[in-house]
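Trainee: Contents of entry_35.cif (mmCIF, N, CA and C atoms):
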```cif
data_model
#
loop_
_atom_site.label_atom_id
_atom_site.label_comp_id
_atom_site.auth_asym_id
_atom_site.auth_seq_id
_atom_site.Cartn_x
_atom_site.Cartn_y
_atom_site.Cartn_z
N MET Z 1 -21.43 19.82 -10.90
CA MET Z 1 -20.37 18.88 -10.55
C MET Z 1 -20.98 17.50 -10.35
N LYS Z 2 -20.34 16.49 -10.86
CA LYS Z 2 -20.86 15.12 -10.76
C LYS Z 2 -20.80 14.63 -9.31
N PRO Z 3 -21.81 13.87 -8.86
CA PRO Z 3 -21.85 13.40 -7.47
C PRO Z 3 -20.63 12.58 -7.07
N PHE Z 4 -20.13 11.69 -7.97
CA PHE Z 4 -18.98 10.86 -7.60
C PHE Z 4 -17.72 11.69 -7.43
N LEU Z 5 -17.63 12.81 -8.17
CA LEU Z 5 -16.48 13.69 -8.05
C LEU Z 5 -16.50 14.40 -6.69
N ILE Z 6 -17.68 14.85 -6.26
CA ILE Z 6 -17.82 15.50 -4.96
C ILE Z 6 -17.49 14.51 -3.84
N LEU Z 7 -18.02 13.29 -3.96
CA LEU Z 7 -17.73 12.26 -2.96
C LEU Z 7 -16.24 11.93 -2.92
N GLY Z 8 -15.63 11.80 -4.09
CA GLY Z 8 -14.19 11.51 -4.15
C GLY Z 8 -13.36 12.61 -3.53
N LEU Z 9 -13.74 13.85 -3.78
CA LEU Z 9 -13.03 14.99 -3.20
C LEU Z 9 -13.17 15.00 -1.68
N ALA Z 10 -14.37 14.72 -1.19
CA ALA Z 10 -14.59 14.67 0.27
C ALA Z 10 -13.75 13.57 0.91
N ILE Z 11 -13.71 12.41 0.27
CA ILE Z 11 -12.91 11.30 0.80
C ILE Z 11 -11.43 11.65 0.77
N ALA Z 12 -10.98 12.27 -0.31
CA ALA Z 12 -9.57 12.65 -0.42
C ALA Z 12 -9.18 13.64 0.67
N LEU Z 13 -10.03 14.63 0.89
CA LEU Z 13 -9.73 15.62 1.92
C LEU Z 13 -9.72 15.00 3.31
N THR Z 14 -10.64 14.10 3.57
CA THR Z 14 -10.68 13.41 4.86
C THR Z 14 -9.42 12.58 5.04
N GLY Z 15 -9.01 11.87 3.97
CA GLY Z 15 -7.81 11.03 4.03
C GLY Z 15 -6.56 11.83 4.31
N CYS Z 16 -6.46 13.01 3.70
CA CYS Z 16 -5.28 13.85 3.90
C CYS Z 16 -5.17 14.30 5.35
N GLN Z 17 -6.31 14.55 5.97
CA GLN Z 17 -6.29 15.03 7.34
C GLN Z 17 -5.85 13.94 8.31
N SER Z 18 -5.99 12.68 7.94
CA SER Z 18 -5.66 11.61 8.88
C SER Z 18 -4.29 10.99 8.62
N LEU Z 19 -3.51 11.55 7.72
CA LEU Z 19 -2.18 11.01 7.45
C LEU Z 19 -1.21 11.40 8.55
N PRO Z 20 -0.27 10.50 8.88
CA PRO Z 20 0.73 10.85 9.88
C PRO Z 20 1.64 11.98 9.38
N SER Z 21 2.08 12.82 10.27
CA SER Z 21 2.90 13.96 9.86
C SER Z 21 4.38 13.59 9.78
N SER Z 22 5.06 14.24 8.87
CA SER Z 22 6.50 14.04 8.71
C SER Z 22 7.25 14.41 9.98
N ASP Z 23 6.80 15.49 10.63
CA ASP Z 23 7.45 15.93 11.87
C ASP Z 23 7.37 14.85 12.95
N GLU Z 24 6.21 14.21 13.09
CA GLU Z 24 6.06 13.13 14.06
C GLU Z 24 7.04 12.00 13.76
N GLY Z 25 7.17 11.63 12.49
CA GLY Z 25 8.08 10.57 12.10
C GLY Z 25 9.54 10.92 12.37
N ARG Z 26 9.90 12.17 12.07
CA ARG Z 26 11.29 12.59 12.32
C ARG Z 26 11.60 12.58 13.81
N THR Z 27 10.64 13.03 14.61
CA THR Z 27 10.83 13.03 16.07
C THR Z 27 11.03 11.62 16.60
N LYS Z 28 10.25 10.67 16.08
CA LYS Z 28 10.32 9.29 16.55
C LYS Z 28 11.40 8.46 15.84
N GLY Z 29 11.97 8.98 14.74
CA GLY Z 29 12.96 8.22 13.98
C GLY Z 29 12.35 7.05 13.21
N VAL Z 30 11.13 7.26 12.68
CA VAL Z 30 10.43 6.19 11.98
C VAL Z 30 9.92 6.67 10.62
N VAL Z 31 9.60 5.68 9.76
CA VAL Z 31 8.83 5.92 8.55
C VAL Z 31 7.46 5.30 8.79
N PHE Z 32 6.51 5.65 7.97
CA PHE Z 32 5.16 5.13 8.09
C PHE Z 32 4.85 4.27 6.87
N LEU Z 33 4.49 3.03 7.09
CA LEU Z 33 4.12 2.11 6.02
C LEU Z 33 2.64 1.81 6.14
N LYS Z 34 1.89 2.01 5.06
CA LYS Z 34 0.46 1.72 5.09
C LYS Z 34 0.25 0.23 5.31
N GLY Z 35 -0.54 -0.12 6.33
CA GLY Z 35 -0.75 -1.52 6.71
C GLY Z 35 -1.52 -2.31 5.68
N GLN Z 36 -2.46 -1.67 5.00
CA GLN Z 36 -3.18 -2.30 3.90
C GLN Z 36 -3.37 -1.26 2.82
N HIS Z 37 -3.07 -1.65 1.60
CA HIS Z 37 -3.18 -0.70 0.50
C HIS Z 37 -3.82 -1.40 -0.69
N CYS Z 38 -4.97 -0.90 -1.11
CA CYS Z 38 -5.69 -1.45 -2.26
C CYS Z 38 -5.71 -0.40 -3.37
N LEU Z 39 -5.36 -0.83 -4.55
CA LEU Z 39 -5.43 0.06 -5.69
C LEU Z 39 -6.81 -0.04 -6.31
N THR Z 40 -7.49 1.09 -6.39
CA THR Z 40 -8.80 1.19 -7.02
C THR Z 40 -8.80 2.49 -7.80
N GLU Z 41 -9.23 2.41 -9.04
CA GLU Z 41 -9.19 3.60 -9.88
C GLU Z 41 -10.45 3.69 -10.71
N TYR Z 42 -11.04 4.88 -10.77
CA TYR Z 42 -12.19 5.10 -11.62
C TYR Z 42 -11.66 5.44 -13.01
N ILE Z 43 -12.08 4.66 -14.00
CA ILE Z 43 -11.64 4.88 -15.38
C ILE Z 43 -12.75 5.63 -16.10
N GLU Z 44 -12.49 6.89 -16.34
CA GLU Z 44 -13.51 7.80 -16.87
C GLU Z 44 -14.06 7.32 -18.21
N ASP Z 45 -13.19 6.96 -19.16
CA ASP Z 45 -13.70 6.60 -20.49
C ASP Z 45 -14.50 5.29 -20.49
N LEU Z 46 -14.28 4.43 -19.50
CA LEU Z 46 -15.07 3.20 -19.38
C LEU Z 46 -16.26 3.36 -18.44
N LYS Z 47 -16.26 4.47 -17.69
CA LYS Z 47 -17.33 4.76 -16.73
C LYS Z 47 -17.50 3.63 -15.70
N ARG Z 48 -16.37 3.14 -15.19
CA ARG Z 48 -16.42 2.10 -14.17
C ARG Z 48 -15.16 2.11 -13.32
N VAL Z 49 -15.25 1.42 -12.21
CA VAL Z 49 -14.14 1.31 -11.28
C VAL Z 49 -13.31 0.08 -11.65
N HIS Z 50 -12.00 0.25 -11.67
CA HIS Z 50 -11.08 -0.88 -11.88
C HIS Z 50 -10.51 -1.25 -10.52
N TYR Z 51 -10.69 -2.51 -10.11
CA TYR Z 51 -10.20 -2.98 -8.82
C TYR Z 51 -8.83 -3.64 -9.02
N GLY Z 52 -7.81 -3.01 -8.47
CA GLY Z 52 -6.48 -3.57 -8.53
C GLY Z 52 -6.20 -4.43 -7.31
N PRO Z 53 -4.97 -4.86 -7.15
CA PRO Z 53 -4.62 -5.73 -6.02
C PRO Z 53 -4.60 -4.99 -4.68
N CYS Z 54 -4.78 -5.74 -3.61
CA CYS Z 54 -4.65 -5.24 -2.25
C CYS Z 54 -3.43 -5.92 -1.62
N LEU Z 55 -2.62 -5.17 -0.93
CA LEU Z 55 -1.51 -5.74 -0.19
C LEU Z 55 -1.70 -5.42 1.28
N THR Z 56 -1.54 -6.45 2.12
CA THR Z 56 -1.75 -6.31 3.55
C THR Z 56 -0.53 -6.83 4.29
N VAL Z 57 0.00 -6.02 5.19
CA VAL Z 57 1.11 -6.45 6.05
C VAL Z 57 0.52 -7.33 7.15
N THR Z 58 0.98 -8.58 7.22
CA THR Z 58 0.47 -9.52 8.23
C THR Z 58 1.41 -9.68 9.41
N SER Z 59 2.69 -9.34 9.21
CA SER Z 59 3.65 -9.43 10.32
C SER Z 59 4.83 -8.49 10.07
N VAL Z 60 5.41 -8.06 11.18
CA VAL Z 60 6.64 -7.27 11.16
C VAL Z 60 7.61 -7.99 12.10
N ASP Z 61 8.69 -8.51 11.52
CA ASP Z 61 9.66 -9.29 12.29
C ASP Z 61 8.98 -10.42 13.07
N SER Z 62 8.10 -11.14 12.38
CA SER Z 62 7.37 -12.32 12.89
C SER Z 62 6.36 -12.01 13.99
N LYS Z 63 6.01 -10.75 14.16
CA LYS Z 63 5.00 -10.36 15.15
C LYS Z 63 3.86 -9.64 14.41
N PRO Z 64 2.64 -9.69 14.96
CA PRO Z 64 1.54 -8.94 14.34
C PRO Z 64 1.91 -7.46 14.24
N PRO Z 65 1.54 -6.81 13.13
CA PRO Z 65 1.90 -5.39 13.00
C PRO Z 65 1.13 -4.53 14.00
N ASP Z 66 1.80 -3.51 14.51
CA ASP Z 66 1.17 -2.56 15.43
C ASP Z 66 0.58 -1.45 14.57
N LEU Z 67 -0.68 -1.64 14.20
CA LEU Z 67 -1.36 -0.73 13.29
C LEU Z 67 -1.89 0.50 14.05
N ARG Z 68 -1.50 1.68 13.58
CA ARG Z 68 -1.98 2.93 14.16
C ARG Z 68 -3.44 3.15 13.74
N SER Z 69 -4.10 4.07 14.40
CA SER Z 69 -5.50 4.37 14.08
C SER Z 69 -5.66 4.93 12.66
N ASP Z 70 -4.59 5.50 12.09
CA ASP Z 70 -4.65 6.02 10.73
C ASP Z 70 -4.32 4.96 9.68
N GLY Z 71 -4.08 3.71 10.13
CA GLY Z 71 -3.82 2.62 9.19
C GLY Z 71 -2.36 2.42 8.83
N PHE Z 72 -1.47 3.19 9.42
CA PHE Z 72 -0.05 3.07 9.13
C PHE Z 72 0.67 2.29 10.23
N ILE Z 73 1.80 1.72 9.86
CA ILE Z 73 2.68 1.00 10.77
C ILE Z 73 3.96 1.82 10.87
N GLU Z 74 4.48 2.01 12.06
CA GLU Z 74 5.73 2.73 12.23
C GLU Z 74 6.89 1.74 12.13
N LEU Z 75 7.84 2.04 11.25
CA LEU Z 75 9.03 1.22 11.10
C LEU Z 75 10.26 2.08 11.36
N PRO Z 76 11.20 1.59 12.15
CA PRO Z 76 12.40 2.39 12.43
C PRO Z 76 13.28 2.52 11.18
N VAL Z 77 13.92 3.68 11.04
CA VAL Z 77 14.83 3.88 9.92
C VAL Z 77 16.13 3.12 10.18
N SER Z 78 16.83 2.83 9.11
CA SER Z 78 18.14 2.17 9.17
C SER Z 78 18.12 0.88 9.98
N THR Z 79 17.05 0.12 9.84
CA THR Z 79 16.90 -1.15 10.56
C THR Z 79 16.40 -2.22 9.61
N ARG Z 80 17.07 -3.35 9.59
CA ARG Z 80 16.60 -4.49 8.79
C ARG Z 80 15.27 -4.97 9.35
N THR Z 81 14.29 -5.14 8.47
CA THR Z 81 12.94 -5.51 8.89
C THR Z 81 12.40 -6.57 7.94
N THR Z 82 11.71 -7.56 8.50
CA THR Z 82 11.09 -8.60 7.68
C THR Z 82 9.57 -8.44 7.78
N LEU Z 83 8.94 -8.34 6.62
CA LEU Z 83 7.50 -8.18 6.56
C LEU Z 83 6.85 -9.44 6.00
N GLY Z 84 5.76 -9.89 6.61
CA GLY Z 84 4.89 -10.88 6.00
C GLY Z 84 3.80 -10.11 5.28
N VAL Z 85 3.54 -10.45 4.01
CA VAL Z 85 2.61 -9.68 3.20
C VAL Z 85 1.68 -10.61 2.42
N TYR Z 86 0.39 -10.29 2.42
CA TYR Z 86 -0.57 -10.96 1.55
C TYR Z 86 -0.85 -10.05 0.36
N CYS Z 87 -0.78 -10.63 -0.84
CA CYS Z 87 -1.25 -9.96 -2.05
C CYS Z 87 -2.59 -10.58 -2.37
N VAL Z 88 -3.59 -9.78 -2.52
CA VAL Z 88 -4.93 -10.26 -2.84
C VAL Z 88 -5.35 -9.64 -4.16
N TYR Z 89 -5.67 -10.50 -5.12
CA TYR Z 89 -6.09 -10.03 -6.44
C TYR Z 89 -7.59 -10.13 -6.55
N ARG Z 90 -8.21 -9.05 -7.06
CA ARG Z 90 -9.66 -8.95 -7.13
C ARG Z 90 -10.13 -8.93 -8.58
N SER Z 91 -11.29 -9.52 -8.80
CA SER Z 91 -11.94 -9.48 -10.12
C SER Z 91 -12.62 -8.12 -10.29
N GLN Z 92 -13.13 -7.88 -11.47
CA GLN Z 92 -13.77 -6.59 -11.75
C GLN Z 92 -15.02 -6.34 -10.93
N ASP Z 93 -15.60 -7.39 -10.34
CA ASP Z 93 -16.75 -7.17 -9.46
C ASP Z 93 -16.32 -7.06 -7.99
N ASN Z 94 -15.02 -6.91 -7.76
CA ASN Z 94 -14.41 -6.72 -6.44
C ASN Z 94 -14.45 -7.99 -5.58
N THR Z 95 -14.59 -9.15 -6.20
CA THR Z 95 -14.51 -10.41 -5.47
C THR Z 95 -13.10 -10.97 -5.63
N LEU Z 96 -12.73 -11.84 -4.71
CA LEU Z 96 -11.41 -12.47 -4.74
C LEU Z 96 -11.30 -13.38 -5.95
N LYS Z 97 -10.21 -13.23 -6.72
CA LYS Z 97 -9.97 -14.12 -7.86
C LYS Z 97 -9.63 -15.51 -7.34
N GLU Z 98 -9.94 -16.52 -8.12
CA GLU Z 98 -9.58 -17.89 -7.75
C GLU Z 98 -8.07 -17.98 -7.59
N ASN Z 99 -7.63 -18.55 -6.48
CA ASN Z 99 -6.20 -18.62 -6.13
C ASN Z 99 -5.56 -17.23 -6.12
N GLY Z 100 -6.33 -16.23 -5.75
CA GLY Z 100 -5.87 -14.85 -5.80
C GLY Z 100 -5.28 -14.32 -4.51
N ARG Z 101 -5.04 -15.18 -3.52
CA ARG Z 101 -4.46 -14.74 -2.25
C ARG Z 101 -3.09 -15.40 -2.10
N ILE Z 102 -2.05 -14.60 -2.15
CA ILE Z 102 -0.68 -15.12 -2.14
C ILE Z 102 0.08 -14.48 -0.99
N HIS Z 103 0.78 -15.30 -0.21
CA HIS Z 103 1.58 -14.78 0.91
C HIS Z 103 3.05 -14.78 0.53
N THR Z 104 3.75 -13.76 0.94
CA THR Z 104 5.19 -13.68 0.69
C THR Z 104 5.87 -13.01 1.87
N THR Z 105 7.17 -13.14 1.90
CA THR Z 105 8.00 -12.48 2.90
C THR Z 105 8.89 -11.47 2.19
N VAL Z 106 8.96 -10.29 2.73
CA VAL Z 106 9.79 -9.23 2.17
C VAL Z 106 10.81 -8.82 3.22
N VAL Z 107 12.07 -8.90 2.87
CA VAL Z 107 13.14 -8.48 3.78
C VAL Z 107 13.62 -7.10 3.33
N LEU Z 108 13.46 -6.14 4.23
CA LEU Z 108 13.90 -4.78 3.96
C LEU Z 108 15.26 -4.59 4.61
N PRO Z 109 16.31 -4.31 3.81
CA PRO Z 109 17.64 -4.13 4.40
C PRO Z 109 17.72 -2.86 5.23
N ASP Z 110 18.77 -2.75 6.01
CA ASP Z 110 18.89 -1.61 6.93
C ASP Z 110 19.02 -0.27 6.21
N ASP Z 111 19.30 -0.28 4.91
CA ASP Z 111 19.38 0.99 4.18
C ASP Z 111 18.14 1.25 3.32
N GLN Z 112 17.06 0.46 3.53
CA GLN Z 112 15.83 0.68 2.76
C GLN Z 112 15.19 2.02 3.11
N PHE Z 113 15.11 2.32 4.39
CA PHE Z 113 14.53 3.59 4.86
C PHE Z 113 15.62 4.37 5.58
N THR Z 114 16.05 5.47 5.00
CA THR Z 114 17.11 6.26 5.61
C THR Z 114 16.63 7.63 6.07
N GLN Z 115 15.45 8.04 5.64
CA GLN Z 115 14.94 9.37 6.01
C GLN Z 115 13.64 9.22 6.78
N ALA Z 116 13.68 9.56 8.05
CA ALA Z 116 12.50 9.46 8.91
C ALA Z 116 11.41 10.43 8.47
N GLY Z 117 10.17 10.04 8.75
CA GLY Z 117 9.03 10.92 8.49
C GLY Z 117 8.29 10.65 7.19
N ASN Z 118 8.88 9.85 6.29
CA ASN Z 118 8.24 9.57 5.01
C ASN Z 118 7.13 8.54 5.15
N ARG Z 119 6.13 8.64 4.26
CA ARG Z 119 5.06 7.65 4.17
C ARG Z 119 5.35 6.74 2.98
N TRP Z 120 5.12 5.45 3.16
CA TRP Z 120 5.37 4.46 2.12
C TRP Z 120 4.14 3.59 1.92
N TYR Z 121 4.01 3.05 0.71
CA TYR Z 121 2.90 2.18 0.34
C TYR Z 121 3.45 0.97 -0.41
N LEU Z 122 2.88 -0.20 -0.15
CA LEU Z 122 3.23 -1.40 -0.90
C LEU Z 122 2.36 -1.49 -2.15
N HIS Z 123 2.96 -1.91 -3.24
CA HIS Z 123 2.25 -2.14 -4.50
C HIS Z 123 2.62 -3.52 -5.02
N ALA Z 124 1.71 -4.13 -5.76
CA ALA Z 124 2.00 -5.41 -6.40
C ALA Z 124 2.92 -5.15 -7.59
N HIS Z 125 3.76 -6.11 -7.91
CA HIS Z 125 4.71 -5.92 -9.00
C HIS Z 125 4.62 -7.03 -10.05
N THR Z 126 4.40 -8.27 -9.64
CA THR Z 126 4.50 -9.39 -10.54
C THR Z 126 3.15 -9.76 -11.16
N ASP Z 127 3.03 -9.63 -12.46
CA ASP Z 127 1.87 -10.07 -13.24
C ASP Z 127 0.54 -9.70 -12.59
N ILE Z 128 0.36 -8.41 -12.34
CA ILE Z 128 -0.86 -7.99 -11.65
C ILE Z 128 -2.10 -8.17 -12.50
N LEU Z 129 -1.95 -8.14 -13.82
CA LEU Z 129 -3.12 -8.30 -14.68
C LEU Z 129 -3.75 -9.68 -14.50
N HIS Z 130 -2.92 -10.70 -14.36
CA HIS Z 130 -3.43 -12.07 -14.25
C HIS Z 130 -3.48 -12.57 -12.80
N GLY Z 131 -3.06 -11.73 -11.85
CA GLY Z 131 -3.15 -12.10 -10.44
C GLY Z 131 -2.25 -13.25 -10.07
N LYS Z 132 -1.04 -13.23 -10.60
CA LYS Z 132 -0.08 -14.28 -10.30
C LYS Z 132 1.16 -13.65 -9.68
N GLY Z 133 1.71 -14.33 -8.69
CA GLY Z 133 2.93 -13.85 -8.09
C GLY Z 133 2.70 -12.73 -7.10
N CYS Z 134 3.69 -12.52 -6.28
CA CYS Z 134 3.60 -11.45 -5.29
C CYS Z 134 5.01 -10.98 -4.98
N LYS Z 135 5.41 -9.93 -5.65
CA LYS Z 135 6.72 -9.34 -5.42
C LYS Z 135 6.48 -7.84 -5.16
N PRO Z 136 6.18 -7.50 -3.90
CA PRO Z 136 5.81 -6.11 -3.60
C PRO Z 136 6.92 -5.11 -3.91
N THR Z 137 6.48 -3.93 -4.31
CA THR Z 137 7.37 -2.79 -4.46
C THR Z 137 6.94 -1.74 -3.45
N LEU Z 138 7.83 -0.84 -3.16
CA LEU Z 138 7.55 0.28 -2.25
C LEU Z 138 7.46 1.56 -3.05
N SER Z 139 6.53 2.41 -2.68
CA SER Z 139 6.40 3.69 -3.34
C SER Z 139 6.03 4.74 -2.30
N ARG Z 140 6.48 5.96 -2.54
CA ARG Z 140 6.08 7.08 -1.69
C ARG Z 140 4.68 7.54 -2.06
N SER Z 141 4.20 7.10 -3.21
CA SER Z 141 2.88 7.50 -3.70
C SER Z 141 1.88 6.37 -3.48
N SER Z 142 0.66 6.72 -3.14
CA SER Z 142 -0.37 5.70 -2.98
C SER Z 142 -0.82 5.16 -4.34
N GLN Z 143 -0.49 5.83 -5.44
CA GLN Z 143 -0.93 5.40 -6.77
C GLN Z 143 0.20 4.89 -7.66
N GLY Z 144 1.46 5.29 -7.37
CA GLY Z 144 2.52 5.02 -8.32
C GLY Z 144 3.37 3.81 -8.02
N ARG Z 145 4.22 3.51 -8.96
CA ARG Z 145 5.19 2.44 -8.81
C ARG Z 145 6.43 3.01 -8.15
N GLY Z 146 7.18 2.12 -7.52
CA GLY Z 146 8.37 2.60 -6.83
C GLY Z 146 9.50 1.63 -6.96
N VAL Z 147 10.32 1.58 -5.95
CA VAL Z 147 11.48 0.70 -5.92
C VAL Z 147 11.05 -0.68 -5.43
N THR Z 148 11.76 -1.69 -5.88
CA THR Z 148 11.46 -3.04 -5.41
C THR Z 148 11.77 -3.13 -3.93
N ALA Z 149 10.84 -3.65 -3.18
CA ALA Z 149 11.04 -3.79 -1.73
C ALA Z 149 12.23 -4.71 -1.49
N GLY Z 150 13.11 -4.29 -0.61
CA GLY Z 150 14.30 -5.08 -0.33
C GLY Z 150 15.35 -4.88 -1.41
N HIS Z 151 15.21 -3.78 -2.16
CA HIS Z 151 16.07 -3.41 -3.29
C HIS Z 151 15.87 -4.38 -4.38
#
```
I'd like the structure from this file rewritten - as structure tokens, please.

Mentor:
Amino acid sequence: MKPFLILGLAIALTGCQSLPSSDEGRTKGVVFLKGQHCLTEYIEDLKRVHYGPCLTVTSVDSKPPDLRSDGFIELPVSTRTTLGVYCVYRSQDNTLKENGRIHTTVVLPDDQFTQAGNRWYLHAHTDILHGKGCKPTLSRSSQGRGVTAGH
């Protein structure tokens, strides 16, 4: 087995153990939003890591986010919420692209999160290849695309 595969598996298993539970979210009436999410993918045929954008929540309703030890933020369901978000675009050497830090505000309507206990991740949406624009989308998957934040 290749060393990077073993390391990746160990990291994945560790990450799964530290995720917030759906039961905890349902009990509290909240969803969990990852406070910072960076897309990084190993491309097997190129034998290298591709560094995608990082999105970081900088505020929740104009206040600093209350980040849990697992890196998630609890957001109440059925509540309008305003997020301050930085989109950071990285070059292939994992350095910040020139003018690659963009701040935006995302307004989540009261019907954005209707089912407590779910985990959500922000993803970049606008021209991610060239590192321009910042229109975050929400996804239940840490790797996939989802619905546009704020519908």

Trainee: Which of these, Z:Thr114, Z:Thr104, Z:Ser59, Z:Thr95, has the shortest distance to Z:Ser78 once you count only C-alpha atoms?

Mentor: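 Using only C-alpha atoms, Z:Ser78 sits closest to Z:Thr114.
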
Trainee: Which of these, Z:Glu98, Z:Glu24, Z:Asp93, Z:Asp111, has the shortest distance to Z:Val77 once you count only C-alpha atoms?

Mentor: Z:Asp111

Trainee: For the structure provided, state which residues fall under the PyMOL selection byres ((chain Z and resi 73) around 6.5), and present them as a PyMOL selection string.

Mentor: chain Z and resi 31-35+66-68+71-72+74-75

Trainee: Do a neighbour search on stretch 43-50 of chain Z at 9 Å with only C-alpha atoms, toss out local chain neighbours closer than 5 positions, and write the hits as a PyMOL selection string.

Mentor: chain Z and resi 91-94

Trainee: Carefully work through the PyMOL selection byres (((chain Z and resi 101 and name CA) around 9) and name CA) for this structure and note down the residues it includes, as a ChimeraX atom specification.

Mentor: /Z:86-89,96-100,102-103,131

Trainee: Between atom N of Z:Ser62 and atom CA of Z:Thr79, what distance in Å does the model show, to one decimal?

Mentor: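 Spanning atom N of Z:Ser62 to atom CA of Z:Thr79 is a straight-line distance of 13.4 Å.
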
Trainee: Report as a list in words all protein, DNA and RNA residues lying within 7 Å of Z:Thr27, evaluated on only N, CA and C atoms, omitting residues in the same chain fewer than 3 positions from it.

Mentor: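 Those residues are Ser22, Asp23, Glu24, Val30, Ala116 and Gly117 of chain Z.
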
Trainee: To test your reading of the structure, identify every residue in stretch 13-144 of chain Z that backbone DSSP assigns to alpha helix (DSSP H), and report it as a PyMOL selection string.

Mentor: chain Z and resi 13-17+22-28

Trainee: Excluding Z:Thr82 and its own-chain neighbours fewer than 2 positions away, which residues fall within 7 Å of it when counting only N, CA and C atoms? Please give them as a list in words.

Mentor: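 In the requested form, the answer reads Ser59, Val60, Asp61, Ser62, Arg80, Gly84, Thr105, Val106, Val107 and Leu108 of chain Z.
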
Trainee: Applying 10 Å and only C-alpha atoms, which residues near Z:Gln143 remain after dropping the ones on its own chain fewer than 4 positions away? List them as a list in words.

Mentor: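 That gives His37, Cys38, Leu39, Thr40, Glu41, Tyr121, Leu122, His123 and Ser139 of chain Z.
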